[in-house]
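See below for query-v3.txt, which holds compact mmCIF, C-alpha atoms.
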```
# COMPACT_ATOMS: atom_id res chain seq x y z
CA MET A 1 -22.26 -178.18 -162.88
CA GLN A 2 -20.62 -179.28 -159.59
CA GLY A 3 -17.19 -178.39 -161.02
CA ARG A 4 -18.35 -174.90 -162.00
CA ARG A 5 -19.78 -174.23 -158.53
CA LEU A 6 -16.52 -175.43 -156.98
CA ALA A 7 -14.46 -173.20 -159.29
CA ALA A 8 -16.67 -170.22 -158.48
CA ALA A 9 -16.34 -170.91 -154.76
CA MET A 10 -12.56 -171.12 -155.04
CA ASN A 11 -12.51 -167.75 -156.84
CA ASP A 12 -14.23 -166.27 -153.79
CA LEU A 13 -11.87 -167.99 -151.32
CA HIS A 14 -9.33 -165.62 -149.83
CA ILE A 15 -6.48 -166.88 -147.64
CA ARG A 16 -4.57 -164.24 -145.72
CA PRO A 17 -2.01 -164.09 -142.91
CA VAL A 18 -3.06 -163.44 -139.34
CA ASP A 19 -1.90 -159.84 -139.04
CA ASP A 20 -4.46 -158.00 -136.92
CA GLU A 21 -6.92 -158.60 -134.08
CA ALA A 22 -9.81 -159.51 -136.39
CA SER A 23 -7.80 -162.15 -138.26
CA LEU A 24 -6.36 -163.42 -134.97
CA GLU A 25 -9.87 -163.90 -133.58
CA ALA A 26 -11.10 -165.55 -136.81
CA TRP A 27 -8.15 -167.99 -136.75
CA ARG A 28 -8.76 -168.70 -133.05
CA HIS A 29 -12.46 -169.34 -133.63
CA VAL A 30 -11.82 -171.90 -136.37
CA HIS A 31 -9.07 -173.61 -134.36
CA ASN A 32 -11.19 -173.83 -131.22
CA VAL A 33 -14.21 -175.26 -133.08
CA ILE A 34 -12.07 -177.99 -134.66
CA ILE A 35 -9.80 -178.63 -131.66
CA PRO A 36 -12.19 -178.27 -128.70
CA THR A 37 -9.92 -180.33 -126.44
CA ALA A 38 -7.11 -177.75 -126.68
CA PRO A 39 -8.71 -174.31 -127.02
CA LEU A 40 -6.37 -171.36 -127.45
CA SER A 41 -6.66 -167.92 -125.89
CA PRO A 42 -5.95 -164.74 -127.86
CA ASP A 43 -2.53 -164.56 -126.15
CA ASP A 44 -1.76 -168.15 -127.20
CA VAL A 45 -2.56 -167.25 -130.82
CA ARG A 46 -0.44 -164.09 -130.65
CA ARG A 47 2.50 -166.18 -129.38
CA ASN A 48 1.98 -168.75 -132.14
CA ALA A 49 1.74 -166.02 -134.78
CA GLY A 50 5.22 -164.91 -133.75
CA ARG A 51 6.64 -168.40 -134.31
CA TYR A 52 4.53 -169.94 -137.07
CA LEU A 53 2.78 -168.88 -140.26
CA LEU A 54 -0.91 -168.61 -139.39
CA GLU A 55 -3.49 -167.89 -142.08
CA VAL A 56 -7.27 -167.57 -142.23
CA ALA A 57 -9.46 -168.61 -145.16
CA HIS A 58 -12.56 -166.51 -145.87
CA LEU A 59 -15.39 -167.31 -148.27
CA ASP A 60 -17.83 -164.50 -148.98
CA GLY A 61 -16.28 -162.56 -146.10
CA GLU A 62 -16.86 -165.31 -143.52
CA PRO A 63 -14.03 -167.33 -141.94
CA VAL A 64 -14.30 -170.94 -143.14
CA GLY A 65 -10.87 -172.32 -142.32
CA CYS A 66 -7.41 -171.63 -141.03
CA SER A 67 -3.93 -173.03 -141.30
CA THR A 68 -0.66 -173.33 -139.47
CA VAL A 69 2.77 -173.94 -140.96
CA ARG A 70 5.47 -174.65 -138.40
CA PRO A 71 8.89 -174.32 -140.02
CA PRO A 72 11.65 -176.81 -139.26
CA THR A 73 14.06 -176.07 -136.44
CA ALA A 74 17.53 -177.30 -135.53
CA GLU A 75 15.91 -179.84 -133.19
CA GLU A 76 13.07 -180.80 -135.55
CA PRO A 77 13.87 -180.96 -139.27
CA ALA A 78 10.21 -181.46 -140.24
CA ALA A 79 7.84 -178.69 -141.24
CA THR A 80 4.35 -179.23 -139.87
CA VAL A 81 1.32 -178.23 -141.95
CA ILE A 82 -2.16 -178.09 -140.49
CA ALA A 83 -5.24 -177.20 -142.54
CA ARG A 84 -8.56 -176.76 -140.74
CA VAL A 85 -12.01 -176.26 -142.29
CA LEU A 86 -15.20 -175.67 -140.35
CA PRO A 87 -17.47 -178.74 -140.66
CA GLU A 88 -20.24 -176.94 -142.55
CA HIS A 89 -17.77 -175.92 -145.28
CA ARG A 90 -16.08 -179.28 -145.86
CA GLY A 91 -16.27 -181.23 -149.09
CA ARG A 92 -16.07 -178.15 -151.34
CA GLY A 93 -12.33 -178.03 -152.04
CA ILE A 94 -11.49 -175.44 -149.37
CA GLY A 95 -9.31 -177.85 -147.39
CA THR A 96 -7.46 -178.83 -150.55
CA ALA A 97 -6.76 -175.18 -151.39
CA ILE A 98 -5.52 -174.47 -147.85
CA HIS A 99 -3.46 -177.68 -147.81
CA HIS A 100 -1.74 -176.87 -151.14
CA ARG A 101 -0.85 -173.41 -149.86
CA CYS A 102 0.58 -174.92 -146.66
CA LEU A 103 2.68 -177.40 -148.64
CA GLU A 104 4.12 -174.61 -150.82
CA ARG A 105 5.14 -172.67 -147.74
CA ALA A 106 6.56 -175.73 -145.98
CA ARG A 107 8.62 -176.72 -149.02
CA ALA A 108 9.99 -173.18 -149.26
CA THR A 109 11.50 -173.61 -145.77
CA GLY A 110 13.79 -176.39 -147.02
CA ALA A 111 12.29 -178.90 -144.58
CA GLU A 112 13.69 -182.43 -144.72
CA ARG A 113 10.18 -183.82 -144.32
CA ILE A 114 6.58 -182.66 -143.95
CA GLU A 115 4.22 -183.71 -141.19
CA THR A 116 0.72 -182.89 -140.03
CA ILE A 117 -1.15 -183.29 -136.76
CA VAL A 118 -4.79 -184.35 -136.45
CA LEU A 119 -6.98 -184.72 -133.38
CA ALA A 120 -7.94 -188.43 -133.37
CA SER A 121 -11.64 -187.64 -132.98
CA ASN A 122 -11.55 -185.58 -136.21
CA THR A 123 -12.26 -188.51 -138.51
CA GLU A 124 -12.82 -186.26 -141.54
CA GLY A 125 -9.47 -184.54 -140.98
CA LEU A 126 -7.73 -187.89 -140.59
CA ALA A 127 -9.33 -189.23 -143.78
CA PHE A 128 -8.27 -186.02 -145.57
CA ALA A 129 -4.62 -186.46 -144.49
CA LEU A 130 -4.54 -190.17 -145.34
CA ALA A 131 -6.05 -189.50 -148.78
CA ARG A 132 -3.15 -187.10 -149.46
CA GLY A 133 -0.51 -189.70 -148.69
CA PHE A 134 0.26 -188.97 -145.04
CA VAL A 135 0.97 -191.99 -142.84
CA GLN A 136 0.68 -192.06 -139.07
CA VAL A 137 4.00 -192.10 -137.20
CA GLU A 138 3.04 -191.10 -133.66
CA GLU A 139 0.15 -190.75 -131.23
CA TYR A 140 0.31 -188.59 -128.08
CA LEU A 141 -1.88 -187.13 -125.36
CA LEU A 142 -1.54 -183.64 -123.97
CA PRO A 143 -1.55 -183.52 -120.16
CA GLY A 144 -5.11 -183.99 -118.88
CA ASP A 145 -6.53 -184.90 -122.30
CA THR A 146 -8.35 -188.11 -123.18
CA VAL A 147 -8.36 -187.71 -126.98
CA PRO A 148 -4.95 -188.24 -128.59
CA PHE A 149 -3.33 -186.24 -131.34
CA LEU A 150 -1.92 -188.14 -134.31
CA THR A 151 1.26 -187.12 -136.08
CA LEU A 152 1.33 -188.12 -139.73
CA ARG A 153 4.18 -187.79 -142.23
CA LEU A 154 4.47 -187.63 -145.99
CA PRO A 155 6.72 -190.53 -147.00
```
Would you mind writing the file's structure down as structure tokens?
Amino acid sequence: MQGRRLAAAMNDLHIRPVDDEASLEAWRHVHNVIIPTAPLSPDDVRRNAGRYLLEVAHLDGEPVGCSTVRPPTAEEPAATVIARVLPEHRGRGIGTAIHHRCLERARATGAERIETIVLASNTEGLAFALARGFVQVEEYLLPGDTVPFLTLRLP
């Protein structure tokens, strides 16, 4: 029965690019709930949408998650994938669906490696990344922050 409910939920999950003000605000809301130490303004999200692939996941019309795929650059040959799911929607396969979509997009860029970034206080997000084979390679603090971000890489 659990599997059928999960399959039904995934049929109702829609992941779409950030391409208008409503999707920008939905993406920003999810990001800011999950990363409260580094909230983004609408202008920050607009800037990021011009550089990265930002998508929002909706279930039954409500935003439940978002993602970022940062393509590799000449200076950084890694693609970065970040999947975020609101806490009340975790454990239902939504993060896995978003993560798989991010990996497909990252691999299509020809990246030499794939990384992710997790706020250290997000223990569920860290466990999710570790369970998918990512290993921690770096820890850093943004200026003025007290909670570090962790960079993890697929071996």
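Between atom CA of Glu62 of chain A and atom CA of Ile15 of chain A there is a distance of 11.3 Å.
When atom CA of Ile114 of chain A is paired with atom CA of Asp19 of chain A, their separation reads 24.8 Å.
Put simply, atom CA of Gly125 of chain A is 17.7 Å away from atom CA of Arg28 of chain A.
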Inset, instruction - Find the residues with any atom within 6 Å of (-0.1, -182.5, -140.3); use all atoms listed in the file and the coordinates as given in the file, and write the answer as a ChimeraX atom specification. - result: /A:80-82,115-117,152
Grab all the atoms of segment 118-135 of chain A that the file lists, wrap them in a box along x, y and z, add 8 Å per side, and give me centre plus edge lengths in Å (one decimal) as lines of an AutoDock Vina configuration file.
```
center_x = -5.9
center_y = -188.2
center_z = -141.2
size_x = 29.8
size_y = 23.6
size_z = 32.5
```
Inset, instruction - Find, counting all atoms listed in the file, the residue in A:Leu24, A:Leu59, A:Ala131, A:Ile98 that gets nearest to Asp43 of chain A. - result: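 Under the stated criterion, the closest residue is A:Leu24.
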Inset, instruction - Go through A:Glu25, A:Asp12, A:His100, A:Pro77 one by one, measure the shortest atom-to-atom distance of each to His58 of chain A using all atoms listed in the file, and give the residue with the smallest value. - result: A:Asp12
Legend entry - Exercise: segment 83-89 of chain A partners within 8 Å, all atoms listed in the file, chain neighbours under 3 positions left out, as a PyMOL selection string: chain A and resi 30-31+33-34+64-68+92+94-95+98-99+102+125
Inset, instruction - Tell me which protein, DNA and RNA residues are within 12 Å of segment 44-48 of chain A, counting all atoms listed in the file, leaving out same-chain ones fewer than 4 positions away, and put them as a VMD selection string. - result: chain A and resid 18 to 32 38 to 40 52 to 55 67 to 71
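Ranking A:Glu104, A:Glu138, A:Asp60, A:Asp145 by their shortest atom-to-atom distance to Ala79 of chain A, with all atoms listed in the file included, puts A:Glu104 first.
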Inset, instruction - Please identify all polymer residues lying at most 12 Å from the point (-2.8, -188.1, -151.8) (file coordinates), using all atoms listed in the file, and present the result as a PyMOL selection string. - result: chain A and resi 96+99-100+127-135+153-155
